[in-house]
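**Q** For reference, the structure I am asking about is given below.
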Amino acid sequence: MKNRFKASLIGGVFILLSLTGCNKEKEVVAEEAVSKYTYVDWEQGFQKGALSEGNQLYSTDYWELSHNPPEDYTYSRVVDIRRAGDDYLDCCRYTVGEEITYYMETVSMSGGEATYCKLSLGDWGFDSDYIWGFDAWRENCYFGVGVYEKEAENWDVLPKQCYIVTADREGSLQSQLEITDGLLDLEAEGRLQALYVDGSGYIYVYTRDMQNRESLYILDKEGKAITSYVCAVASKDMIFDPVRDDSGRIFFPVKDSTERATRLLWKNAAGEITELSRFDNATIETWYTMRGSELYYVEKGGIVRWDVVSDVRETIYHLQENGIDDPLVTSLYWDESGNAYLRYTSKTEDWVSKLSWEKPKLNEPVNIGILQNGQEVKFVESAMAIFSRKHPEYPITVDVTAGKEESMKDRVLIDVMNGSGPDVLYLSYEDLERLQKKDALVQIDDLISDAVSNELLPGVKDFGRIDGKLYGMPIGVTIATMFTNREVWDKAGWSMEDVLQLLKERPETTSIFASQYGFCEPREMLSCLLQYDLEQRKSPFVDWEKGVSCFEANDFMALLETVKYYNVLQYEILDNDVVGRVRNGTALAYYTTWLDGEDYFRLRDEMGPDSYAVGTPTEGKQGSYLLADGLLVINRNIKEEKLEAVKELFTYLYSRDCQKRMHNTISVLKDMVDSRVWYNEHEGKYYWLDGSDVWNGLPQKEDGTTYTEEFKELLERAVPFKGSGPLFDIVWEESMAFFYNDKDALTVTRMIDNRVQLYLDENK
């Protein structure tokens with residue numbers, strides 16, 4: 001079932017209406033919320049006004065829901081969620097071997113352990129069957145059951161027989177209704193996807209056919225045909241989850257691609273499907289429920305409350321600001337006392353956050369300043385928001401300076417040096433060094449517990465270590481490395497001299513390195529051969545003990561000429577198969593500056609079993625580097641009473657719960673790779689959980705294993721690359737004259753020697 005079909009059922013006859021006016025004080029509104037009921041005449045249609053910012057809901061409590069799946073299940077838990085009274089009712093489907101098992105879980109909205117009821121379809125009188133839909137209203141639970149011909153089972157068509165089974169919460173049969181004839185009368189076709197029953201007993205069946213055309217069929221409580229709605233355009237028109245009001249009436253939001261609108265449809269008293277309202281060019285992400293005259297849904301990342309009588313629409317809760325990136329896996333419910341609960345249910349997470357109109361009284365917040373751009377910034381923001389939601393007693397505010405004017409970042413750094421500024425900063429290693437030299441940072445060794453420290457990759461704590469003291473830590477990393485073929489080079493690492501010698505020995509070589517972007521340009525080739533050694537004070541072109549530049553003395557001209565020769569040659573060959581060039585040996589290695597886990601497995605598979613990560617050429621033969629977008633540091637002037645909150649924040653950021661959410665980034669926890677790799681015994685296939693709740697198939701070797709151990713070994717030996725300094729920039733600025741302006745190699749080399757020597761003299 002597609003994830004936008006996730007259930008938003010509200011039970012109870014009269015649900016108390018909250019916030020009837022948008023300009024009243026919260027205390028007055030909260031008082032009126034328990035004294036008014038609103039009844040809506042749907043026949044008049046819904047009126048829609050402009051969207052504005054309204055009073056806000058706040059997360060005041062948080063808990064995770066636990067589940068106990070059957071042993072040896074091979075597929076993830078698939079669940080339909082409904083609400084009955086103050087409980088969630090979850091109809092769960094697990095695949096165990098070749099069989100499907102069904103459970104109904106009951107869990108209180110206010111937390112606690114779930115109780116389980118295994119659904120035995122044999123007790124309902126079926127011996128060849130599956131549950132295709134679930135709904136609940138008041139005390140009744142409704143299950144859609146399909147019976148197929150054993151010798152011709154095909155779930156993409158209607159089953160031989162369709163039933164609606166009514167049962168209690170323990171799964172005991174109360175009644176059984178066959179609806180096969182009613183569906184055939186409506187000319188229903190396709191796979192049965194979902195079931196809904198309204199407060200009057202009318203049955204709504206949702207299907208999708210072989211062309212992905214979505215349809216809705218309506219039957220009365222005796223199973224007789226009433227009417228149907230078939231989407232106009234297959235694969236593009238969509239029927240969303242239905243919305244149910246206090247009395248059980250249902251309407252369906254339908255996105256119509258031909259009219260570029262979302263229409264709200266319902267069955268009127270005459271049994272006709274009519275339109276209640278229309279959103280032209282609407283950006284509706286998911287629909288929740290209706291309380292009195294108030295309809296709740298998500299638009300542009302915010303929960304909207306729409307009073308369909310007064311036509312007031314207000315955004316009352318911002319999902320992303322609370323660490324929720326995917327509204328499709330959320331549901332909003334109210335209990336019978338009028339308390340709101342936001343539930344998040346995905347493959348890997350299931351939690352509930354209690355919401356309140358009253359802003360909690362909190363301590364002074366910890367201010368986080370984000371000064372660094374990069375892939376991880378959104379993750380950092382999201383992680384901070386999730387921490388605040390989980391720990392409302394430790395409020396967090398986040399200011400993002402990254403991406404704005406450089407002068408704004410400089411002002412923040414100057415504020416920190418002068419005794420003010422954010423409490424915690426996310427910044428580059430260069431900025432960390434600037435602040436540390438001004439004694440503006442706190443040592444964070446004591447904030448990283450031994451339990452966390454023991455779980456970190458070996459190189460992670462070295463990022464922010466200066467003179468043996470720890471001042472900063474990355475949240476996630478990536479890897480810069482090179483892959484080569486063992487027929488080309490079969491040692492643990494190589495140096496620049498090794499690469500130049502290989503070029504002499506291998507006349508078939510047409511390019512030195514292949515890049516993730518295609519051909520390596522001169523700057524990238526020089527960077528691979530030179531930059532890492534320069535930054536780590538290991539380059540043979542500088543006498544580091546004497547502080548003398550010796551590019552000319554060590555024949556840097558030959559390196560320039562070699563790079564220029566292969567730059568011309570690679571474009572004459574015009575072989576765009578970059579991975580293939582490494583595999584067949586016409587390029588020495590494939591260079592990547594942004595490697596995550598899934599990329600590693602893909603590259604190893606494409607390059608073949610003889611490939612391996614040799615690293616970039618360095619004098620120390622250690623050329624695989626951990627890279628970090630930014631580091632977390634603590635302002636030395638942070639108030640003492642905030643340190644407890646910061647310590648809890650760090651504990652969360654380096655917890656498995658937080659780190660598992662990383663996407664396109666490598667966790668700093670060394671055993672997280674094993675947590676991301678999952679083997680499906682039924683399929684005989686490995687999957688990679690990428691942090692965004694998506695499982696991607698992993699390539700396997702001939703013996704059936706994956707490259708998991710090789711990837712873990714690479715992470716263990718990779719060392720931090722803290723950032724680029726000025727030396728390589730000097731080299732490249734002068735080298736451009738050789739590559740593009742026809743200056744000879746000797747002239748360029750002497751100019752480099754002069755500038756590098758000046759830098760060395762100024763920085764003794």
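Residue numbers start at 1 in each chain; chains themselves are named A, B, ... in the order of the structure tokens; ligands are numbered from 1 in the order shown.
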Using backbone DSSP assignments, extract all strand (DSSP E or B) residues from range 396-445 of chain A; output them as a list in words.

**A** Ile396, Thr397, Val398, Asp399, Val400, Val424, Leu425, Tyr426, Leu427 and Leu441 of chain A

**Q** Find the residues of range 558-635 of chain A that sit at most 9 Å from range 455-468 of chain A; for each, write down the nearest two atoms and how far apart they are in Å, to one decimal. Count only C-alpha atoms. Sort by chain, then by number going up, and give it as CSV.

**A**
```
residue,atom,partner,partner_atom,distance
A:Leu626,CA,A:Gly459,CA,7.5
A:Ala628,CA,A:Phe463,CA,8.4
A:Leu631,CA,A:Gly464,CA,7.3
A:Leu632,CA,A:Gly464,CA,8.8
A:Val633,CA,A:Gly464,CA,8.6
```

**Q** Go ahead and write the selection's residues with N, CA and C atoms as a compact mmCIF listing (two decimals), in the first residue's frame.

**A**
```txt
# COMPACT_ATOMS: atom_id res chain seq x y z
N LEU A 626 39.15 10.80 5.62
CA LEU A 626 37.83 11.18 6.10
C LEU A 626 37.67 12.68 5.90
N ALA A 628 34.93 16.03 6.51
CA ALA A 628 33.78 16.47 7.30
C ALA A 628 33.33 17.85 6.81
N LEU A 631 32.47 20.94 12.01
CA LEU A 631 32.75 20.41 13.34
C LEU A 631 31.91 21.16 14.37
N LEU A 632 31.49 20.45 15.40
CA LEU A 632 30.78 21.08 16.52
C LEU A 632 31.79 21.54 17.56
N VAL A 633 31.69 22.79 17.97
CA VAL A 633 32.55 23.34 19.02
C VAL A 633 31.69 24.08 20.03
```

**Q** Under the rule of at most 12 Å, produce a per-residue listing of range 444-494 of chain A near range 525-540 of chain A: chain, number, name, the closest pair of atoms, and the distance in Å, as a tab-separated table, using only C-alpha atoms.

**A**
```
residue	atom	partner	partner_atom	distance
A:Ala480	CA	A:Cys528	CA	10.1
A:Thr481	CA	A:Cys528	CA	9.5
A:Met482	CA	A:Cys528	CA	9.3
A:Trp494	CA	A:Leu529	CA	10.4
```
